[in-house]
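Colleague: What follows is upload.pdb, PDB, C-alpha atoms.
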MODEL        1
ATOM      1  CA  MET A   1      90.868 107.132  93.180  1.00  0.00           C
ATOM      2  CA  SER A   2      94.296 106.529  91.638  1.00  0.00           C
ATOM      3  CA  SER A   3      95.041 103.650  89.346  1.00  0.00           C
ATOM      4  CA  ARG A   4      97.345 100.895  90.548  1.00  0.00           C
ATOM      5  CA  TYR A   5      99.852 102.034  87.916  1.00  0.00           C
ATOM      6  CA  ALA A   6      99.822 105.619  89.242  1.00  0.00           C
ATOM      7  CA  GLN A   7     100.312 104.328  92.788  1.00  0.00           C
ATOM      8  CA  LEU A   8     103.309 102.163  91.917  1.00  0.00           C
ATOM      9  CA  ARG A   9     104.931 104.357  89.306  1.00  0.00           C
ATOM     10  CA  PRO A  10     108.067 106.211  90.386  1.00  0.00           C
ATOM     11  CA  TYR A  11     107.980 109.944  89.694  1.00  0.00           C
ATOM     12  CA  THR A  12     111.150 111.838  88.876  1.00  0.00           C
ATOM     13  CA  LEU A  13     111.990 114.780  91.123  1.00  0.00           C
ATOM     14  CA  PRO A  14     114.577 117.539  90.891  1.00  0.00           C
ATOM     15  CA  GLY A  15     117.192 117.879  93.621  1.00  0.00           C
ATOM     16  CA  SER A  16     115.649 121.256  94.498  1.00  0.00           C
ATOM     17  CA  LEU A  17     112.999 123.575  93.105  1.00  0.00           C
ATOM     18  CA  GLY A  18     115.788 126.079  92.419  1.00  0.00           C
ATOM     19  CA  GLU A  19     117.095 123.733  89.707  1.00  0.00           C
ATOM     20  CA  LEU A  20     113.924 124.292  87.664  1.00  0.00           C
ATOM     21  CA  SER A  21     115.038 127.004  85.283  1.00  0.00           C
ATOM     22  CA  GLY A  22     112.941 126.200  82.225  1.00  0.00           C
ATOM     23  CA  PRO A  23     111.367 128.801  79.950  1.00  0.00           C
ATOM     24  CA  VAL A  24     108.829 131.367  81.171  1.00  0.00           C
ATOM     25  CA  GLU A  25     107.755 132.784  77.818  1.00  0.00           C
ATOM     26  CA  GLY A  26     107.410 131.814  74.206  1.00  0.00           C
ATOM     27  CA  LEU A  27     106.377 128.572  72.566  1.00  0.00           C
ATOM     28  CA  VAL A  28     107.633 125.184  73.764  1.00  0.00           C
ATOM     29  CA  VAL A  29     107.587 121.861  71.934  1.00  0.00           C
ATOM     30  CA  LEU A  30     108.218 118.952  74.264  1.00  0.00           C
ATOM     31  CA  PRO A  31     110.398 116.034  73.169  1.00  0.00           C
ATOM     32  CA  ARG A  32     108.579 112.864  72.098  1.00  0.00           C
ATOM     33  CA  HIS A  33     109.398 110.949  75.289  1.00  0.00           C
ATOM     34  CA  LEU A  34     107.395 113.557  77.241  1.00  0.00           C
ATOM     35  CA  ASP A  35     104.611 114.285  74.747  1.00  0.00           C
ATOM     36  CA  TRP A  36     104.003 111.566  72.180  1.00  0.00           C
ATOM     37  CA  GLY A  37     100.706 112.940  70.862  1.00  0.00           C
ATOM     38  CA  PRO A  38     100.246 115.119  67.790  1.00  0.00           C
ATOM     39  CA  HIS A  39     102.804 117.921  67.403  1.00  0.00           C
ATOM     40  CA  TYR A  40     101.788 120.672  69.808  1.00  0.00           C
ATOM     41  CA  GLU A  41     103.318 124.000  70.719  1.00  0.00           C
ATOM     42  CA  TYR A  42     102.649 125.139  74.280  1.00  0.00           C
ATOM     43  CA  ASP A  43     102.209 128.902  74.518  1.00  0.00           C
ATOM     44  CA  LEU A  44     103.550 129.948  77.916  1.00  0.00           C
ATOM     45  CA  ALA A  45     101.433 133.118  77.784  1.00  0.00           C
ATOM     46  CA  ASP A  46      98.322 130.887  77.938  1.00  0.00           C
ATOM     47  CA  ASP A  47      97.609 129.477  81.428  1.00  0.00           C
ATOM     48  CA  ALA A  48      95.757 126.466  79.976  1.00  0.00           C
ATOM     49  CA  ASP A  49      98.839 125.557  77.910  1.00  0.00           C
ATOM     50  CA  VAL A  50     101.115 126.030  80.933  1.00  0.00           C
ATOM     51  CA  LEU A  51      98.952 123.693  83.028  1.00  0.00           C
ATOM     52  CA  LEU A  52      98.816 121.041  80.308  1.00  0.00           C
ATOM     53  CA  MET A  53     102.560 121.196  79.671  1.00  0.00           C
ATOM     54  CA  TYR A  54     103.489 121.079  83.369  1.00  0.00           C
ATOM     55  CA  GLU A  55     101.122 118.162  83.986  1.00  0.00           C
ATOM     56  CA  ARG A  56     102.703 116.199  81.144  1.00  0.00           C
ATOM     57  CA  VAL A  57     106.268 116.960  82.164  1.00  0.00           C
ATOM     58  CA  ILE A  58     105.653 116.037  85.825  1.00  0.00           C
ATOM     59  CA  ARG A  59     103.925 112.790  84.852  1.00  0.00           C
ATOM     60  CA  GLU A  60     106.340 111.726  82.116  1.00  0.00           C
ATOM     61  CA  ALA A  61     109.790 113.060  83.113  1.00  0.00           C
ATOM     62  CA  GLN A  62     112.393 110.316  83.065  1.00  0.00           C
ATOM     63  CA  THR A  63     115.326 112.323  84.441  1.00  0.00           C
ATOM     64  CA  PRO A  64     115.823 115.449  86.561  1.00  0.00           C
ATOM     65  CA  GLU A  65     117.163 117.053  83.376  1.00  0.00           C
ATOM     66  CA  ASP A  66     113.703 116.690  81.783  1.00  0.00           C
ATOM     67  CA  LEU A  67     112.292 118.705  84.677  1.00  0.00           C
ATOM     68  CA  GLN A  68     115.085 121.286  84.675  1.00  0.00           C
ATOM     69  CA  ALA A  69     114.757 121.930  80.945  1.00  0.00           C
ATOM     70  CA  HIS A  70     110.984 122.410  80.873  1.00  0.00           C
ATOM     71  CA  LEU A  71     109.751 123.551  84.296  1.00  0.00           C
ATOM     72  CA  ASN A  72     110.357 126.891  85.959  1.00  0.00           C
ATOM     73  CA  ALA A  73     110.259 127.037  89.773  1.00  0.00           C
ATOM     74  CA  ASP A  74     108.266 130.286  89.976  1.00  0.00           C
ATOM     75  CA  MET A  75     105.714 129.127  87.405  1.00  0.00           C
ATOM     76  CA  LEU A  76     105.430 125.758  89.135  1.00  0.00           C
ATOM     77  CA  ARG A  77     104.749 127.416  92.491  1.00  0.00           C
ATOM     78  CA  SER A  78     102.120 129.737  91.044  1.00  0.00           C
ATOM     79  CA  HIS A  79     100.254 126.950  89.209  1.00  0.00           C
ATOM     80  CA  TRP A  80     100.823 124.008  91.569  1.00  0.00           C
ATOM     81  CA  ARG A  81      97.385 123.924  93.159  1.00  0.00           C
ATOM     82  CA  THR A  82      95.569 124.010  89.823  1.00  0.00           C
ATOM     83  CA  LEU A  83      97.594 121.223  88.188  1.00  0.00           C
ATOM     84  CA  PHE A  84      95.615 118.024  87.543  1.00  0.00           C
ATOM     85  CA  LEU A  85      98.048 115.347  88.721  1.00  0.00           C
ATOM     86  CA  PRO A  86      97.762 111.742  89.873  1.00  0.00           C
ATOM     87  CA  GLY A  87      97.502 111.695  93.679  1.00  0.00           C
ATOM     88  CA  PRO A  88     100.770 109.788  94.108  1.00  0.00           C
ATOM     89  CA  ALA A  89     102.644 112.297  91.914  1.00  0.00           C
ATOM     90  CA  ARG A  90     101.306 115.246  93.923  1.00  0.00           C
ATOM     91  CA  ALA A  91     102.073 113.487  97.218  1.00  0.00           C
ATOM     92  CA  THR A  92     105.621 112.651  96.113  1.00  0.00           C
ATOM     93  CA  TRP A  93     106.353 116.246  95.093  1.00  0.00           C
ATOM     94  CA  GLU A  94     104.734 117.731  98.214  1.00  0.00           C
ATOM     95  CA  SER A  95     106.601 115.297 100.454  1.00  0.00           C
ATOM     96  CA  ARG A  96     109.936 116.436  98.994  1.00  0.00           C
ATOM     97  CA  PHE A  97     108.903 120.099  98.666  1.00  0.00           C
ATOM     98  CA  PRO A  98     106.412 120.927 101.464  1.00  0.00           C
ATOM     99  CA  GLU A  99     106.211 124.545 100.335  1.00  0.00           C
ATOM    100  CA  LEU A 100     104.181 123.353  97.317  1.00  0.00           C
ATOM    101  CA  ALA A 101     101.422 122.049  99.587  1.00  0.00           C
ATOM    102  CA  GLY A 102     100.849 125.588 100.839  1.00  0.00           C
ATOM    103  CA  ALA A 103     101.461 127.293  97.489  1.00  0.00           C
ATOM    104  CA  PRO A 104      98.957 130.019  96.622  1.00  0.00           C
ATOM    105  CA  THR A 105      96.538 129.445  93.752  1.00  0.00           C
ATOM    106  CA  ALA A 106      97.410 131.246  90.521  1.00  0.00           C
ATOM    107  CA  ALA A 107      95.445 134.410  89.843  1.00  0.00           C
ATOM    108  CA  ALA A 108      92.676 133.824  87.325  1.00  0.00           C
TER     109      ALA A 108
ENDMDL
END
Could you spell out this file's structure in structure tokens?

Modeller:
Amino acid sequence: MSSRYAQLRPYTLPGSLGELSGPVEGLVVLPRHLDWGPHYEYDLADDADVLLMYERVIREAQTPEDLQAHLNADMLRSHWRTLFLPGPARATWESRFPELAGAPTAAA
């Protein structure tokens, strides 16, 4: 069950998945407005780090530029089904980008 906040909160979306040209390798440190916890470097070679980073960016992005800078369309597609997202966030993204709803699960 989603919280009332999650249900009412607007989620930022890119104009198209093709706009998502963020990094696919290396270490990423998110800006404070996306990740205000302790300093953390996300290792894009580690699936657990990718999932955590993508979940945070999708939940906290304030502009399409936040999404474009940190998400990559191919990585998003391959991890979409394993991301732990608020129901309204997932529904909003899948409504705009129906191909995500049928995206294959990432290989383990």

Colleague: Go through the shown structure with the PyMOL selection byres ((chain A and resi 93) around 12) and write out the matching residues as a short mmCIF file (atom, residue, chain, number, x, y, z; two decimals) with C-alpha atoms, keeping the file's coordinate frame.

Modeller:
data_model
loop_
_atom_site.label_atom_id
_atom_site.label_comp_id
_atom_site.auth_asym_id
_atom_site.auth_seq_id
_atom_site.Cartn_x
_atom_site.Cartn_y
_atom_site.Cartn_z
CA PRO A 10 108.07 106.21 90.39
CA TYR A 11 107.98 109.94 89.69
CA THR A 12 111.15 111.84 88.88
CA LEU A 13 111.99 114.78 91.12
CA PRO A 14 114.58 117.54 90.89
CA GLY A 15 117.19 117.88 93.62
CA SER A 16 115.65 121.26 94.50
CA LEU A 17 113.00 123.58 93.10
CA ILE A 58 105.65 116.04 85.82
CA ARG A 59 103.92 112.79 84.85
CA LEU A 76 105.43 125.76 89.14
CA ARG A 77 104.75 127.42 92.49
CA TRP A 80 100.82 124.01 91.57
CA ARG A 81 97.38 123.92 93.16
CA LEU A 85 98.05 115.35 88.72
CA PRO A 86 97.76 111.74 89.87
CA GLY A 87 97.50 111.70 93.68
CA PRO A 88 100.77 109.79 94.11
CA ALA A 89 102.64 112.30 91.91
CA ARG A 90 101.31 115.25 93.92
CA ALA A 91 102.07 113.49 97.22
CA THR A 92 105.62 112.65 96.11
CA GLU A 94 104.73 117.73 98.21
CA SER A 95 106.60 115.30 100.45
CA ARG A 96 109.94 116.44 98.99
CA PHE A 97 108.90 120.10 98.67
CA PRO A 98 106.41 120.93 101.46
CA GLU A 99 106.21 124.54 100.34
CA LEU A 100 104.18 123.35 97.32
CA ALA A 101 101.42 122.05 99.59
#

Colleague: Got a sec to resolve the PyMOL selection byres ((chain A and resi 69) around 12) on this structure and send the residues as a PyMOL selection string?

Modeller: chain A and resi 14+19-24+28-31+34+54+57-58+61+63-68+70-73

Colleague: Can you work out the spacing between atom CA of Pro38 of chain A and atom CA of Val50 of chain A in Å, to one decimal?

Modeller: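 Result for atom CA of Pro38 of chain A versus atom CA of Val50 of chain A: 17.1 Å, one decimal.
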
Colleague: What does the distance between atom CA of His79 of chain A and atom CA of Gly18 of chain A come to in Å, to one decimal place?

Modeller: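 Pair atom CA of His79 of chain A / atom CA of Gly18 of chain A returns 15.9 Å.
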
Colleague: Measuring between all atoms listed in the file, which one of A:Asp74, A:Gly102, A:Leu83, A:Arg56 shows the shortest distance to Arg32 of chain A?

Modeller: A:Arg56

Colleague: Between atom CA of Met75 of chain A and atom CA of Gln62 of chain A, what is the distance, to one decimal in Å?

Modeller: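 Rounded to one decimal, the two atoms are 20.4 Å apart.
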
Colleague: Hey, what comes out of the PyMOL selection byres ((chain A and resi 44) around 10) on this file? Could you write it as a PyMOL selection string?

Modeller: chain A and resi 23-28+41-43+45-51+53+75
